[in-house]
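Enquirer: What follows is a structure written as structure tokens; I'll ask about it next.
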Amino acid sequence: VIVYCMVVSGSYMETDYAFGSAVLSVEGTGYADLSDANMAEMVFDSYDVRIPEQEKNAIFIATRVIGYKQQKRVTHDGEQKICMDMESQCPCNAGEYTNNGMATGGCLDTKCLINGWCTDDQQMDSEKPKNMEEKYDGIITGVEHMIISFQIVVEFPIFGVTKTVNIHPKKRGYNSWKLGDILKGAGEDIMSVADKGAIIVANMHWNCKYQ
């Protein structure tokens, strides 16, 4: 009697890691009550609260707005205001965008000089006071009702399979969520993060069986 024992590695035993990317978008409006500064309400749409406009696999939503009396895009002579971007690190090429403006190509104390909103303490104009004088400060109300949508594309190279999550049509709980619901899922609410902000990491899980 001859007995053969054959062990075959079936494709059902293989696993693969997914490669992909996500594009996040926001819809909705909000407003800031600036009556304490004797100013009218400031209204924000989805373009106003999203800074920067595009961010790889992420989205930044503003929840607070602060303005300074010295905050200007241009000087009194009409020239573009130059200041130091405290979040940058030299070298920066001229025309390159930092988090707060467009780099001039110059550097100061290892930080990039930019044309943009100058809100740091070290002003280039020696006639200006070093400490910025606040003009208004307000929480953006209504952000929690804004809709965050996820458009995702993942690929499983071994199996040659591509999966997508489109934003059309939008379906709550599948490809879109209220920001307030996302915060609630993370154990937070809008009032606890509106002042200082928060970073929330979202994980997408794919459990696929391909025969």
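We name chains A, B, ... following the order of the structure tokens; residues begin at 1 in each chain, and ligands are numbered from 1 as shown.
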If you take only C-alpha atoms and a cut-off of 12 Å, which residues of segment 17-89 of chain A touch segment 161-173 of chain A, and what are their nearest atom pairs and distances in Å to one decimal, in chain and number order, as JSON lines?
Expert:
```
{"residue": "A:Tyr17", "atom": "CA", "partner": "A:Val161", "partner_atom": "CA", "distance": 11.4}
{"residue": "A:Ala18", "atom": "CA", "partner": "A:Thr162", "partner_atom": "CA", "distance": 9.1}
{"residue": "A:Phe19", "atom": "CA", "partner": "A:Thr162", "partner_atom": "CA", "distance": 9.4}
{"residue": "A:Gly20", "atom": "CA", "partner": "A:Thr162", "partner_atom": "CA", "distance": 9.2}
{"residue": "A:Ser21", "atom": "CA", "partner": "A:Thr164", "partner_atom": "CA", "distance": 9.9}
{"residue": "A:Ala22", "atom": "CA", "partner": "A:Val165", "partner_atom": "CA", "distance": 9.2}
{"residue": "A:Val23", "atom": "CA", "partner": "A:Ile167", "partner_atom": "CA", "distance": 9.7}
{"residue": "A:Leu24", "atom": "CA", "partner": "A:Ile167", "partner_atom": "CA", "distance": 9.4}
{"residue": "A:Ser25", "atom": "CA", "partner": "A:Ile167", "partner_atom": "CA", "distance": 9.2}
{"residue": "A:Val26", "atom": "CA", "partner": "A:Ile167", "partner_atom": "CA", "distance": 11.2}
{"residue": "A:Glu27", "atom": "CA", "partner": "A:Lys170", "partner_atom": "CA", "distance": 11.6}
```
Enquirer: List the spatial neighbours of segment 87-90 of chain A as an MDAnalysis selection string - criterion: any atom at most 9 Å away, only C-alpha atoms, same-chain residues fewer than 5 positions off excluded.
Expert: chainID A and resid 98:100 105:113
Enquirer: As an NGL selection string, which residues of segment 86-174 of chain A does DSSP assign to strand (DSSP E)?
Expert: :A and (101-108 or 111-116 or 134-141 or 147-156 or 161-165)
Enquirer: Next, write the just-selected residues to a file, as an mmCIF file, in the first residue's frame, keeping C-alpha atoms as the atom set.
Expert:
```
data_model
loop_
_atom_site.group_PDB
_atom_site.id
_atom_site.type_symbol
_atom_site.label_atom_id
_atom_site.label_comp_id
_atom_site.auth_asym_id
_atom_site.auth_seq_id
_atom_site.Cartn_x
_atom_site.Cartn_y
_atom_site.Cartn_z
ATOM 1 C CA GLY A 101 2.449 81.746 3.268
ATOM 2 C CA MET A 102 4.766 81.865 0.262
ATOM 3 C CA ALA A 103 8.505 81.730 0.908
ATOM 4 C CA THR A 104 10.639 84.616 -0.334
ATOM 5 C CA GLY A 105 13.801 82.504 -0.422
ATOM 6 C CA GLY A 106 15.292 84.326 2.563
ATOM 7 C CA CYS A 107 15.909 83.029 6.080
ATOM 8 C CA LEU A 108 16.136 84.474 9.574
ATOM 9 C CA LYS A 111 13.155 80.136 9.813
ATOM 10 C CA CYS A 112 11.771 80.940 6.366
ATOM 11 C CA LEU A 113 10.763 84.471 5.443
ATOM 12 C CA ILE A 114 7.327 84.517 3.830
ATOM 13 C CA ASN A 115 4.780 86.785 2.194
ATOM 14 C CA GLY A 116 1.546 86.164 4.081
ATOM 15 C CA GLU A 134 -5.320 91.075 19.616
ATOM 16 C CA LYS A 135 -8.278 92.496 17.703
ATOM 17 C CA TYR A 136 -10.783 89.639 17.992
ATOM 18 C CA ASP A 137 -10.964 86.049 19.189
ATOM 19 C CA GLY A 138 -13.925 83.784 18.602
ATOM 20 C CA ILE A 139 -14.976 80.143 18.477
ATOM 21 C CA ILE A 140 -16.436 79.052 15.150
ATOM 22 C CA THR A 141 -19.935 77.788 15.993
ATOM 23 C CA ILE A 147 -20.073 66.811 7.071
ATOM 24 C CA ILE A 148 -16.714 65.083 6.564
ATOM 25 C CA SER A 149 -16.630 62.778 3.525
ATOM 26 C CA PHE A 150 -14.041 60.091 2.783
ATOM 27 C CA GLN A 151 -13.074 59.029 -0.735
ATOM 28 C CA ILE A 152 -10.755 56.025 -0.522
ATOM 29 C CA VAL A 153 -8.929 53.859 -3.055
ATOM 30 C CA VAL A 154 -7.062 50.722 -1.946
ATOM 31 C CA GLU A 155 -5.285 48.064 -3.981
ATOM 32 C CA PHE A 156 -4.332 44.485 -3.114
ATOM 33 C CA VAL A 161 -7.954 43.781 -6.786
ATOM 34 C CA THR A 162 -8.803 47.464 -6.355
ATOM 35 C CA LYS A 163 -11.512 48.679 -4.012
ATOM 36 C CA THR A 164 -12.946 52.172 -3.847
ATOM 37 C CA VAL A 165 -15.197 54.140 -1.534
#
```
Enquirer: Looking at A:Pro91, A:Gly142, A:Pro52, A:Gly180, which one is nearest to Asp33 of chain A, with distances taken over only C-alpha atoms?
Expert: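 Checking each of A:Pro91, A:Gly142, A:Pro52, A:Gly180 against Asp33 of chain A, counting only C-alpha atoms, the winner is A:Gly142.
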Enquirer: Looking at A:Trp177, A:Asp16, A:Glu188, A:Tyr68, which one is nearest to Ala37 of chain A, with distances taken over only C-alpha atoms?
Expert: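 When distances to Ala37 of chain A are compared using only C-alpha atoms, the smallest one comes from A:Tyr68.
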Enquirer: Atom CA of Asp48 of chain A and atom CA of Tyr31 of chain A are how many Å apart?
Expert: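 Separation of atom CA of Asp48 of chain A and atom CA of Tyr31 of chain A: 10.6 Å.
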Enquirer: Report, in Å to a single decimal, how far apart atom CA of Lys56 of chain A and atom CA of Asn203 of chain A are.
Expert: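 Here the two named atoms are 14.7 Å from each other.
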Enquirer: Which residue gives the smallest distance to Ala202 of chain A among A:Val143, A:Tyr47, A:Asn57, A:Met86, with only C-alpha atoms counted?
Expert: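 The closest residue to Ala202 of chain A is A:Asn57.
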